[in-house]
>>> print(open('input.pdb').read())   # PDB, C-alpha atoms and all ligand atoms
ATOM      1  CA  MET O 616     159.077 -56.160 -70.252  1.00  0.00           C
ATOM      2  CA  SER O 617     159.877 -53.201 -72.535  1.00  0.00           C
ATOM      3  CA  THR O 618     159.255 -49.621 -71.489  1.00  0.00           C
ATOM      4  CA  ILE O 619     156.508 -49.307 -74.071  1.00  0.00           C
ATOM      5  CA  ALA O 620     154.817 -52.440 -72.730  1.00  0.00           C
ATOM      6  CA  HIS O 621     154.972 -51.009 -69.196  1.00  0.00           C
ATOM      7  CA  LYS O 622     153.549 -47.681 -70.305  1.00  0.00           C
ATOM      8  CA  LEU O 623     150.761 -49.384 -72.247  1.00  0.00           C
ATOM      9  CA  GLN O 624     149.872 -51.224 -69.062  1.00  0.00           C
ATOM     10  CA  ALA O 625     149.860 -47.980 -67.072  1.00  0.00           C
ATOM     11  CA  VAL O 626     147.624 -46.256 -69.652  1.00  0.00           C
ATOM     12  CA  ASP O 627     145.294 -49.244 -69.608  1.00  0.00           C
ATOM     13  CA  SER O 628     145.052 -48.930 -65.813  1.00  0.00           C
ATOM     14  CA  THR O 629     144.216 -45.237 -66.157  1.00  0.00           C
ATOM     15  CA  ILE O 630     141.514 -46.038 -68.723  1.00  0.00           C
ATOM     16  CA  GLN O 631     140.155 -48.806 -66.517  1.00  0.00           C
ATOM     17  CA  ALA O 632     139.964 -46.492 -63.496  1.00  0.00           C
ATOM     18  CA  ALA O 633     138.271 -43.735 -65.521  1.00  0.00           C
ATOM     19  CA  CYS O 634     135.738 -46.237 -66.885  1.00  0.00           C
ATOM     20  CA  ALA O 635     135.030 -47.572 -63.405  1.00  0.00           C
ATOM     21  CA  ALA O 636     134.555 -44.038 -62.066  1.00  0.00           C
ATOM     22  CA  ALA O 637     132.138 -43.286 -64.896  1.00  0.00           C
ATOM     23  CA  GLY O 638     130.240 -46.561 -64.494  1.00  0.00           C
ATOM     24  CA  ARG O 639     131.249 -47.644 -67.982  1.00  0.00           C
ATOM     25  CA  PRO O 640     132.681 -51.047 -68.957  1.00  0.00           C
ATOM     26  CA  ARG O 641     136.383 -51.067 -69.902  1.00  0.00           C
ATOM     27  CA  GLY O 642     135.365 -52.436 -73.285  1.00  0.00           C
ATOM     28  CA  ALA O 643     133.505 -49.215 -74.087  1.00  0.00           C
ATOM     29  CA  VAL O 644     136.782 -47.347 -74.664  1.00  0.00           C
ATOM     30  CA  GLN O 645     139.359 -48.225 -77.318  1.00  0.00           C
ATOM     31  CA  LEU O 646     142.967 -47.125 -76.908  1.00  0.00           C
ATOM     32  CA  LEU O 647     144.456 -45.620 -80.048  1.00  0.00           C
ATOM     33  CA  ALA O 648     148.248 -45.484 -79.707  1.00  0.00           C
ATOM     34  CA  VAL O 649     149.481 -42.306 -81.409  1.00  0.00           C
ATOM     35  CA  SER O 650     152.853 -43.206 -82.893  1.00  0.00           C
ATOM     36  CA  LYS O 651     153.647 -40.029 -84.849  1.00  0.00           C
ATOM     37  CA  THR O 652     157.367 -39.147 -84.857  1.00  0.00           C
ATOM     38  CA  PHE O 653     158.229 -42.623 -83.536  1.00  0.00           C
ATOM     39  CA  GLY O 654     159.644 -45.325 -85.802  1.00  0.00           C
ATOM     40  CA  ALA O 655     158.306 -48.691 -86.868  1.00  0.00           C
ATOM     41  CA  ASP O 656     160.418 -50.275 -84.115  1.00  0.00           C
ATOM     42  CA  ALA O 657     158.319 -48.521 -81.450  1.00  0.00           C
ATOM     43  CA  VAL O 658     155.107 -49.652 -83.155  1.00  0.00           C
ATOM     44  CA  LEU O 659     156.390 -53.226 -83.297  1.00  0.00           C
ATOM     45  CA  GLU O 660     157.139 -53.131 -79.574  1.00  0.00           C
ATOM     46  CA  ALA O 661     153.598 -51.972 -78.918  1.00  0.00           C
ATOM     47  CA  ILE O 662     152.181 -54.680 -81.206  1.00  0.00           C
ATOM     48  CA  ASP O 663     154.180 -57.305 -79.365  1.00  0.00           C
ATOM     49  CA  ALA O 664     152.655 -55.968 -76.130  1.00  0.00           C
ATOM     50  CA  GLY O 665     149.167 -56.514 -77.556  1.00  0.00           C
ATOM     51  CA  GLN O 666     148.316 -53.084 -79.003  1.00  0.00           C
ATOM     52  CA  HIS O 667     146.757 -53.213 -82.487  1.00  0.00           C
ATOM     53  CA  ALA O 668     145.374 -49.742 -83.297  1.00  0.00           C
ATOM     54  CA  PHE O 669     147.696 -46.855 -84.157  1.00  0.00           C
ATOM     55  CA  GLY O 670     147.155 -43.183 -84.985  1.00  0.00           C
ATOM     56  CA  GLU O 671     149.311 -41.148 -87.334  1.00  0.00           C
ATOM     57  CA  ASN O 672     149.348 -37.439 -88.277  1.00  0.00           C
ATOM     58  CA  TYR O 673     151.862 -37.077 -91.084  1.00  0.00           C
ATOM     59  CA  LEU O 674     151.021 -38.883 -94.306  1.00  0.00           C
ATOM     60  CA  GLN O 675     154.429 -39.774 -95.741  1.00  0.00           C
ATOM     61  CA  GLU O 676     155.809 -40.794 -92.365  1.00  0.00           C
ATOM     62  CA  ALA O 677     152.727 -42.937 -91.824  1.00  0.00           C
ATOM     63  CA  LEU O 678     152.923 -44.670 -95.217  1.00  0.00           C
ATOM     64  CA  ASP O 679     156.568 -45.601 -94.667  1.00  0.00           C
ATOM     65  CA  LYS O 680     155.737 -46.926 -91.186  1.00  0.00           C
ATOM     66  CA  ILE O 681     152.701 -48.903 -92.342  1.00  0.00           C
ATOM     67  CA  ALA O 682     154.831 -50.615 -95.000  1.00  0.00           C
ATOM     68  CA  ALA O 683     157.656 -51.355 -92.552  1.00  0.00           C
ATOM     69  CA  VAL O 684     155.278 -52.792 -89.954  1.00  0.00           C
ATOM     70  CA  ALA O 685     153.486 -54.938 -92.533  1.00  0.00           C
ATOM     71  CA  ALA O 686     156.832 -56.309 -93.730  1.00  0.00           C
ATOM     72  CA  ALA O 687     157.997 -57.068 -90.186  1.00  0.00           C
ATOM     73  CA  ARG O 688     154.723 -58.681 -88.989  1.00  0.00           C
ATOM     74  CA  PRO O 689     153.097 -60.236 -92.054  1.00  0.00           C
ATOM     75  CA  GLY O 690     149.614 -61.508 -91.307  1.00  0.00           C
ATOM     76  CA  THR O 691     149.221 -59.464 -88.108  1.00  0.00           C
ATOM     77  CA  ALA O 692     146.049 -57.391 -88.130  1.00  0.00           C
ATOM     78  CA  VAL O 693     146.976 -53.757 -87.456  1.00  0.00           C
ATOM     79  CA  GLU O 694     144.418 -50.950 -87.614  1.00  0.00           C
ATOM     80  CA  TRP O 695     145.689 -47.565 -88.874  1.00  0.00           C
ATOM     81  CA  HIS O 696     143.876 -44.326 -88.059  1.00  0.00           C
ATOM     82  CA  PHE O 697     144.723 -40.995 -89.663  1.00  0.00           C
ATOM     83  CA  ILE O 698     144.327 -38.162 -87.134  1.00  0.00           C
ATOM     84  CA  GLY O 699     146.215 -35.283 -88.781  1.00  0.00           C
ATOM     85  CA  PRO O 700     145.233 -32.382 -91.028  1.00  0.00           C
ATOM     86  CA  ILE O 701     144.235 -33.534 -94.542  1.00  0.00           C
ATOM     87  CA  GLN O 702     145.482 -31.915 -97.743  1.00  0.00           C
ATOM     88  CA  SER O 703     142.877 -32.250-100.468  1.00  0.00           C
ATOM     89  CA  ASN O 704     145.419 -33.365-103.085  1.00  0.00           C
ATOM     90  CA  LYS O 705     146.636 -36.195-100.828  1.00  0.00           C
ATOM     91  CA  THR O 706     143.461 -38.089-100.073  1.00  0.00           C
ATOM     92  CA  ARG O 707     144.127 -41.186-102.212  1.00  0.00           C
ATOM     93  CA  PRO O 708     146.730 -42.772 -99.895  1.00  0.00           C
ATOM     94  CA  LEU O 709     144.366 -42.111 -96.989  1.00  0.00           C
ATOM     95  CA  ALA O 710     141.530 -43.858 -98.820  1.00  0.00           C
ATOM     96  CA  THR O 711     143.672 -46.856 -99.737  1.00  0.00           C
ATOM     97  CA  GLY O 712     146.032 -47.266 -96.770  1.00  0.00           C
ATOM     98  CA  PHE O 713     144.002 -46.467 -93.656  1.00  0.00           C
ATOM     99  CA  ASP O 714     141.071 -48.029 -91.799  1.00  0.00           C
ATOM    100  CA  TRP O 715     139.901 -44.809 -90.183  1.00  0.00           C
ATOM    101  CA  VAL O 716     140.158 -41.058 -90.834  1.00  0.00           C
ATOM    102  CA  HIS O 717     139.236 -38.928 -87.789  1.00  0.00           C
ATOM    103  CA  THR O 718     139.806 -35.481 -89.238  1.00  0.00           C
ATOM    104  CA  VAL O 719     137.179 -34.945 -91.946  1.00  0.00           C
ATOM    105  CA  GLU O 720     135.969 -31.355 -91.734  1.00  0.00           C
ATOM    106  CA  ARG O 721     134.853 -30.534 -95.297  1.00  0.00           C
ATOM    107  CA  LEU O 722     132.553 -32.180 -97.826  1.00  0.00           C
ATOM    108  CA  LYS O 723     135.134 -31.978-100.606  1.00  0.00           C
ATOM    109  CA  ILE O 724     137.570 -34.142 -98.630  1.00  0.00           C
ATOM    110  CA  ALA O 725     134.846 -36.670 -97.824  1.00  0.00           C
ATOM    111  CA  GLN O 726     133.814 -36.836-101.493  1.00  0.00           C
ATOM    112  CA  ARG O 727     137.376 -37.531-102.563  1.00  0.00           C
ATOM    113  CA  LEU O 728     137.815 -40.217 -99.902  1.00  0.00           C
ATOM    114  CA  ALA O 729     134.540 -41.840-101.031  1.00  0.00           C
ATOM    115  CA  GLU O 730     135.578 -41.817-104.696  1.00  0.00           C
ATOM    116  CA  GLN O 731     139.052 -43.116-103.945  1.00  0.00           C
ATOM    117  CA  ARG O 732     138.208 -45.867-101.440  1.00  0.00           C
ATOM    118  CA  PRO O 733     138.823 -49.083-103.401  1.00  0.00           C
ATOM    119  CA  ALA O 734     135.680 -51.112-104.070  1.00  0.00           C
ATOM    120  CA  GLY O 735     137.332 -54.254-102.690  1.00  0.00           C
ATOM    121  CA  LEU O 736     137.845 -52.744 -99.248  1.00  0.00           C
ATOM    122  CA  SER O 737     135.257 -52.273 -96.524  1.00  0.00           C
ATOM    123  CA  PRO O 738     133.961 -48.707 -96.200  1.00  0.00           C
ATOM    124  CA  LEU O 739     136.450 -46.230 -94.753  1.00  0.00           C
ATOM    125  CA  ASN O 740     135.470 -45.326 -91.178  1.00  0.00           C
ATOM    126  CA  VAL O 741     135.290 -41.559 -90.752  1.00  0.00           C
ATOM    127  CA  CYS O 742     134.758 -39.101 -87.946  1.00  0.00           C
ATOM    128  CA  LEU O 743     133.910 -35.454 -88.419  1.00  0.00           C
ATOM    129  CA  GLN O 744     136.295 -33.167 -86.576  1.00  0.00           C
ATOM    130  CA  VAL O 745     134.376 -30.529 -84.635  1.00  0.00           C
ATOM    131  CA  ASN O 746     135.769 -27.169 -83.645  1.00  0.00           C
ATOM    132  CA  ILE O 747     134.486 -26.409 -80.170  1.00  0.00           C
ATOM    133  CA  SER O 748     137.219 -23.892 -79.360  1.00  0.00           C
ATOM    134  CA  GLY O 749     135.925 -21.225 -81.756  1.00  0.00           C
ATOM    135  CA  GLU O 750     138.552 -18.831 -83.012  1.00  0.00           C
ATOM    136  CA  ALA O 751     141.215 -20.482 -80.883  1.00  0.00           C
ATOM    137  CA  SER O 752     141.356 -23.291 -83.443  1.00  0.00           C
ATOM    138  CA  LYS O 753     141.326 -23.303 -87.218  1.00  0.00           C
ATOM    139  CA  SER O 754     140.561 -27.023 -87.474  1.00  0.00           C
ATOM    140  CA  GLY O 755     137.178 -28.647 -87.510  1.00  0.00           C
ATOM    141  CA  VAL O 756     133.672 -27.893 -88.657  1.00  0.00           C
ATOM    142  CA  ALA O 757     131.761 -25.258 -86.665  1.00  0.00           C
ATOM    143  CA  PRO O 758     129.004 -26.767 -84.512  1.00  0.00           C
ATOM    144  CA  ALA O 759     126.402 -24.780 -86.440  1.00  0.00           C
ATOM    145  CA  GLU O 760     127.481 -26.452 -89.699  1.00  0.00           C
ATOM    146  CA  LEU O 761     127.898 -29.959 -88.308  1.00  0.00           C
ATOM    147  CA  ALA O 762     124.427 -31.386 -89.013  1.00  0.00           C
ATOM    148  CA  ALA O 763     124.495 -30.363 -92.671  1.00  0.00           C
ATOM    149  CA  LEU O 764     127.955 -31.848 -93.175  1.00  0.00           C
ATOM    150  CA  ALA O 765     126.957 -35.062 -91.384  1.00  0.00           C
ATOM    151  CA  GLN O 766     123.953 -35.428 -93.687  1.00  0.00           C
ATOM    152  CA  GLN O 767     126.090 -35.042 -96.801  1.00  0.00           C
ATOM    153  CA  VAL O 768     128.871 -37.336 -95.604  1.00  0.00           C
ATOM    154  CA  ALA O 769     126.451 -40.036 -94.447  1.00  0.00           C
ATOM    155  CA  ALA O 770     125.069 -40.211 -98.000  1.00  0.00           C
ATOM    156  CA  LEU O 771     128.447 -40.959 -99.620  1.00  0.00           C
ATOM    157  CA  PRO O 772     129.292 -44.500-100.751  1.00  0.00           C
ATOM    158  CA  GLN O 773     132.311 -46.364 -99.392  1.00  0.00           C
ATOM    159  CA  LEU O 774     132.401 -44.236 -96.231  1.00  0.00           C
ATOM    160  CA  ALA O 775     130.994 -45.234 -92.849  1.00  0.00           C
ATOM    161  CA  LEU O 776     130.253 -42.125 -90.798  1.00  0.00           C
ATOM    162  CA  ARG O 777     131.102 -43.350 -87.290  1.00  0.00           C
ATOM    163  CA  GLY O 778     131.131 -40.240 -85.119  1.00  0.00           C
ATOM    164  CA  LEU O 779     132.874 -37.098 -83.978  1.00  0.00           C
ATOM    165  CA  MET O 780     136.429 -36.168 -83.133  1.00  0.00           C
ATOM    166  CA  ALA O 781     137.632 -33.115 -81.218  1.00  0.00           C
ATOM    167  CA  ILE O 782     140.827 -31.597 -79.882  1.00  0.00           C
ATOM    168  CA  PRO O 783     139.830 -29.023 -77.246  1.00  0.00           C
ATOM    169  CA  GLU O 784     142.262 -26.313 -76.247  1.00  0.00           C
ATOM    170  CA  PRO O 785     144.733 -27.737 -73.714  1.00  0.00           C
ATOM    171  CA  ASP O 786     143.567 -26.958 -70.195  1.00  0.00           C
ATOM    172  CA  THR O 787     144.949 -28.267 -66.898  1.00  0.00           C
ATOM    173  CA  ASP O 788     141.644 -27.750 -65.088  1.00  0.00           C
ATOM    174  CA  VAL O 789     139.647 -30.980 -65.100  1.00  0.00           C
ATOM    175  CA  ALA O 790     136.277 -29.230 -64.801  1.00  0.00           C
ATOM    176  CA  ARG O 791     137.036 -27.159 -67.884  1.00  0.00           C
ATOM    177  CA  GLN O 792     138.338 -30.244 -69.722  1.00  0.00           C
ATOM    178  CA  ARG O 793     135.049 -31.957 -68.956  1.00  0.00           C
ATOM    179  CA  ALA O 794     132.998 -28.965 -70.031  1.00  0.00           C
ATOM    180  CA  ALA O 795     134.692 -28.988 -73.452  1.00  0.00           C
ATOM    181  CA  PHE O 796     134.174 -32.726 -73.938  1.00  0.00           C
ATOM    182  CA  ALA O 797     130.564 -32.377 -72.782  1.00  0.00           C
ATOM    183  CA  GLN O 798     129.963 -29.975 -75.681  1.00  0.00           C
ATOM    184  CA  VAL O 799     131.172 -32.615 -78.136  1.00  0.00           C
ATOM    185  CA  ARG O 800     129.024 -35.225 -76.440  1.00  0.00           C
ATOM    186  CA  ALA O 801     125.972 -32.962 -76.729  1.00  0.00           C
ATOM    187  CA  LEU O 802     126.537 -32.574 -80.481  1.00  0.00           C
ATOM    188  CA  PHE O 803     126.941 -36.353 -80.779  1.00  0.00           C
ATOM    189  CA  ASP O 804     123.710 -36.976 -78.846  1.00  0.00           C
ATOM    190  CA  GLN O 805     121.850 -34.461 -81.009  1.00  0.00           C
ATOM    191  CA  LEU O 806     123.000 -36.167 -84.213  1.00  0.00           C
ATOM    192  CA  ASN O 807     121.895 -39.517 -82.847  1.00  0.00           C
ATOM    193  CA  GLN O 808     118.515 -38.072 -81.902  1.00  0.00           C
ATOM    194  CA  ASP O 809     118.325 -37.045 -85.553  1.00  0.00           C
ATOM    195  CA  GLY O 810     118.883 -40.680 -86.513  1.00  0.00           C
ATOM    196  CA  PHE O 811     122.553 -40.858 -87.531  1.00  0.00           C
ATOM    197  CA  GLY O 812     123.359 -43.949 -85.464  1.00  0.00           C
ATOM    198  CA  LEU O 813     126.873 -42.820 -84.534  1.00  0.00           C
ATOM    199  CA  ASP O 814     128.938 -44.997 -82.187  1.00  0.00           C
ATOM    200  CA  THR O 815     132.276 -43.177 -81.919  1.00  0.00           C
ATOM    201  CA  LEU O 816     133.458 -40.214 -79.877  1.00  0.00           C
ATOM    202  CA  SER O 817     137.184 -39.750 -80.523  1.00  0.00           C
ATOM    203  CA  MET O 818     138.382 -37.453 -77.758  1.00  0.00           C
ATOM    204  CA  GLY O 819     140.958 -37.396 -74.996  1.00  0.00           C
ATOM    205  CA  MET O 820     144.759 -37.525 -75.153  1.00  0.00           C
ATOM    206  CA  SER O 821     147.503 -38.274 -72.613  1.00  0.00           C
ATOM    207  CA  ALA O 822     146.740 -35.230 -70.459  1.00  0.00           C
ATOM    208  CA  ASP O 823     142.937 -35.315 -70.448  1.00  0.00           C
ATOM    209  CA  LEU O 824     141.788 -38.854 -71.172  1.00  0.00           C
ATOM    210  CA  GLY O 825     140.104 -39.236 -67.773  1.00  0.00           C
ATOM    211  CA  ALA O 826     137.860 -36.238 -68.398  1.00  0.00           C
ATOM    212  CA  ALA O 827     137.105 -37.466 -71.921  1.00  0.00           C
ATOM    213  CA  ILE O 828     136.074 -40.911 -70.670  1.00  0.00           C
ATOM    214  CA  ALA O 829     133.882 -39.299 -68.006  1.00  0.00           C
ATOM    215  CA  GLU O 830     132.074 -37.487 -70.831  1.00  0.00           C
ATOM    216  CA  GLY O 831     131.627 -40.520 -73.049  1.00  0.00           C
ATOM    217  CA  ALA O 832     134.762 -40.920 -75.195  1.00  0.00           C
ATOM    218  CA  THR O 833     134.856 -44.256 -77.034  1.00  0.00           C
ATOM    219  CA  ILE O 834     138.336 -43.775 -78.536  1.00  0.00           C
ATOM    220  CA  VAL O 835     141.138 -42.045 -76.639  1.00  0.00           C
ATOM    221  CA  ARG O 836     144.176 -41.035 -78.707  1.00  0.00           C
ATOM    222  CA  VAL O 837     147.271 -41.412 -76.551  1.00  0.00           C
ATOM    223  CA  GLY O 838     150.819 -40.688 -77.690  1.00  0.00           C
ATOM    224  CA  SER O 839     153.368 -39.410 -75.186  1.00  0.00           C
ATOM    225  CA  ALA O 840     152.051 -41.467 -72.262  1.00  0.00           C
ATOM    226  CA  ILE O 841     152.924 -44.586 -74.300  1.00  0.00           C
ATOM    227  CA  PHE O 842     155.925 -43.655 -76.415  1.00  0.00           C
ATOM    228  CA  GLY O 843     157.465 -40.806 -74.412  1.00  0.00           C
ATOM    229  CA  ALA O 844     158.053 -37.158 -75.321  1.00  0.00           C
ATOM    230  CA  ARG O 845     158.145 -36.365 -79.027  1.00  0.00           C
ATOM    231  CA  ASN O 846     161.193 -34.827 -80.671  1.00  0.00           C
ATOM    232  CA  TYR O 847     160.232 -32.853 -83.769  1.00  0.00           C
ATOM    233  CA  ALA O 848     163.770 -31.744 -84.579  1.00  0.00           C
TER
HETATM  234  C1  LIG I 901     149.634 -36.026 -81.159  1.00  0.00           C
HETATM  235  C2  LIG I 901     148.165 -36.231 -81.057  1.00  0.00           C
HETATM  236  C3  LIG I 901     147.607 -36.992 -80.022  1.00  0.00           C
HETATM  237  C4  LIG I 901     148.421 -37.597 -78.884  1.00  0.00           C
HETATM  238  O1  LIG I 901     148.796 -36.591 -78.002  1.00  0.00           O
HETATM  239  P1  LIG I 901     149.531 -36.949 -76.591  1.00  0.00           P
HETATM  240  O2  LIG I 901     149.372 -35.719 -75.814  1.00  0.00           O
HETATM  241  O3  LIG I 901     150.929 -37.275 -76.940  1.00  0.00           O
HETATM  242  O4  LIG I 901     148.808 -38.102 -76.021  1.00  0.00           O
HETATM  243  C5  LIG I 901     146.243 -37.198 -80.035  1.00  0.00           C
HETATM  244  N1  LIG I 901     145.439 -36.671 -80.993  1.00  0.00           N
HETATM  245  C6  LIG I 901     145.941 -35.927 -81.989  1.00  0.00           C
HETATM  246  C7  LIG I 901     145.033 -35.382 -83.016  1.00  0.00           C
HETATM  247  C8  LIG I 901     147.299 -35.680 -82.055  1.00  0.00           C
HETATM  248  O5  LIG I 901     147.781 -34.911 -83.044  1.00  0.00           O
END
>>> encode(input="input.pdb", output="structure tokens")
Amino acid sequence: MSTIAHKLQAVDSTIQAACAAAGRPRGAVQLLAVSKTFGADAVLEAIDAGQHAFGENYLQEALDKIAAVAAARPGTAVEWHFIGPIQSNKTRPLATGFDWVHTVERLKIAQRLAEQRPAGLSPLNVCLQVNISGEASKSGVAPAELAALAQQVAALPQLALRGLMAIPEPDTDVARQRAAFAQVRALFDQLNQDGFGLDTLSMGMSADLGAAIAEGATIVRVGSAIFGARNYA
């Protein structure tokens, strides 16, 4: 078995244990394999080990990889999620080439994605990225502005508003990890009380996925625990 297959198995065990501890079924949490900086060969190894959903941060790198994977495994269903910062002049390839976009934080971006999502495709699944770290982070909509943005995005055609995404400040303390994820969960619950019908909480990475699952994550985005350390050089 390849290293990636072994690591996928180990991550699955971690997810399973976290679900069991939280009294949640394993099926309540989807593993998104974050393949940024790794080549199509790594993605193909993961696909051959049974993984079908991948997250990417850098648009051009992602488009090249999506094409290479499609050419190497024609007919294999692979789900691509964009989880990186979005430039407003580069929304079209997101609207045409991805199944999910987790990092919507402004109405203008959502409007462009809605306009550019081809009519022949199912609605683009989107999450709103929430900034729960305040000034420590520049990304994400402020909690106070979330409900208004959700209302506007939910009204757009060709988009399916699925939920919230967050990247809390890294913290090694599990109680503090949980407190941050609990804030996202509270915002999610409030939106659902207001009738939004959201089903997705995208939170938790290699170092804090247990805490995220304890607080209700439905998608964990895991990179280094599957593919190894990233080399940005
Ligand atoms: C890189 C990245 C991840 C994966 O991080 P790991 O610590 O390698 O698991 C998850 N989410 C986002 C938004 C990322 O940019």
>>> atom_distance(input="input.pdb", atom1="atom CA of Pro700 of chain O", atom2="atom CA of Arg800 of chain O")
22.0 Å
>>> closest_atom_pairs(input="input.pdb", of="chain O", to="ligand LIG 901 (chain I)", cutoff="10 Å", atoms="only C-alpha atoms and all ligand atoms", output="Markdown table")
| residue | atom | partner | partner_atom | distance |
| --- | --- | --- | --- | --- |
| O:Leu647 | CA | I:LIG901 | C5 | 8.6 |
| O:Ala648 | CA | I:LIG901 | C4 | 7.9 |
| O:Val649 | CA | I:LIG901 | C4 | 5.4 |
| O:Ser650 | CA | I:LIG901 | C1 | 8.1 |
| O:Lys651 | CA | I:LIG901 | C1 | 6.8 |
| O:Thr652 | CA | I:LIG901 | C1 | 9.1 |
| O:Gly670 | CA | I:LIG901 | C5 | 7.8 |
| O:Glu671 | CA | I:LIG901 | O5 | 7.7 |
| O:Asn672 | CA | I:LIG901 | O5 | 6.0 |
| O:Tyr673 | CA | I:LIG901 | O5 | 9.3 |
| O:Phe697 | CA | I:LIG901 | C7 | 8.7 |
| O:Ile698 | CA | I:LIG901 | C7 | 5.0 |
| O:Gly699 | CA | I:LIG901 | C7 | 5.9 |
| O:Pro700 | CA | I:LIG901 | C7 | 8.6 |
| O:His717 | CA | I:LIG901 | C7 | 8.3 |
| O:Thr718 | CA | I:LIG901 | C7 | 8.1 |
| O:Gln744 | CA | I:LIG901 | C7 | 9.7 |
| O:Met780 | CA | I:LIG901 | C7 | 8.6 |
| O:Ala781 | CA | I:LIG901 | C7 | 7.9 |
| O:Ile782 | CA | I:LIG901 | C7 | 6.5 |
| O:Pro785 | CA | I:LIG901 | O2 | 9.5 |
| O:Ser817 | CA | I:LIG901 | N1 | 8.8 |
| O:Met818 | CA | I:LIG901 | N1 | 7.8 |
| O:Gly819 | CA | I:LIG901 | C5 | 7.3 |
| O:Met820 | CA | I:LIG901 | O4 | 4.2 |
| O:Ser821 | CA | I:LIG901 | O4 | 3.7 |
| O:Ala822 | CA | I:LIG901 | O2 | 6.0 |
| O:Asp823 | CA | I:LIG901 | O2 | 8.4 |
| O:Leu824 | CA | I:LIG901 | O4 | 8.6 |
| O:Val835 | CA | I:LIG901 | C5 | 7.8 |
| O:Arg836 | CA | I:LIG901 | C5 | 4.6 |
| O:Val837 | CA | I:LIG901 | O4 | 3.7 |
| O:Gly838 | CA | I:LIG901 | O3 | 3.5 |
| O:Ser839 | CA | I:LIG901 | O3 | 3.7 |
| O:Ala840 | CA | I:LIG901 | O4 | 6.0 |
| O:Ile841 | CA | I:LIG901 | O4 | 7.9 |
| O:Phe842 | CA | I:LIG901 | O3 | 8.1 |
| O:Gly843 | CA | I:LIG901 | O3 | 7.8 |
| O:Ala844 | CA | I:LIG901 | O3 | 7.3 |
| O:Arg845 | CA | I:LIG901 | O3 | 7.6 |
>>> residues_around(input="input.pdb", residues="Ile681 of chain O", least_positions_apart="4", cutoff="8 Å", atoms="all atoms listed in the file", output="PDB file with C-alpha atoms, in the frame of the given file")
ATOM      1  CA  ALA O 655     158.306 -48.691 -86.868  1.00  0.00           C
ATOM      2  CA  ALA O 677     152.727 -42.937 -91.824  1.00  0.00           C
ATOM      3  CA  ALA O 685     153.486 -54.938 -92.533  1.00  0.00           C
ATOM      4  CA  TRP O 695     145.689 -47.565 -88.874  1.00  0.00           C
TER       5      TRP O 695
END
>>> atom_distance(input="input.pdb", atom1="atom CA of Arg721 of chain O", atom2="atom CA of Gln805 of chain O")
19.7 Å
>>> residues_around(input="input.pdb", residues="segment 764-769 of chain O", least_positions_apart="2", cutoff="9 Å", atoms="all atoms listed in the file", output="list in words")
Glu720, Arg721, Leu722, Ala725, Gln726, Leu743, Val756, Glu760, Leu761, Ala762, Leu771, Pro772, Leu774, Ala775, Leu776, Leu806 and Phe811 of chain O
>>> closest_residue(input="input.pdb", among="O:His621, O:Arg688, O:Arg777, O:Arg791", to="Asn740 of chain O", atoms="all atoms listed in the file")
O:Arg777
>>> closest_residue(input="input.pdb", among="O:Lys622, O:Ala827, O:Glu750, O:Ala661", to="Val789 of chain O", atoms="all atoms listed in the file")
O:Ala827
>>> resolve_selection(input="input.pdb", expression="the PyMOL selection byres (((chain O and resi 814) around 8) and not hetatm)", output="list of chain:residue names")
O:Arg777, O:Gly778, O:Gly812, O:Leu813, O:Thr815, O:Leu816, O:Thr833
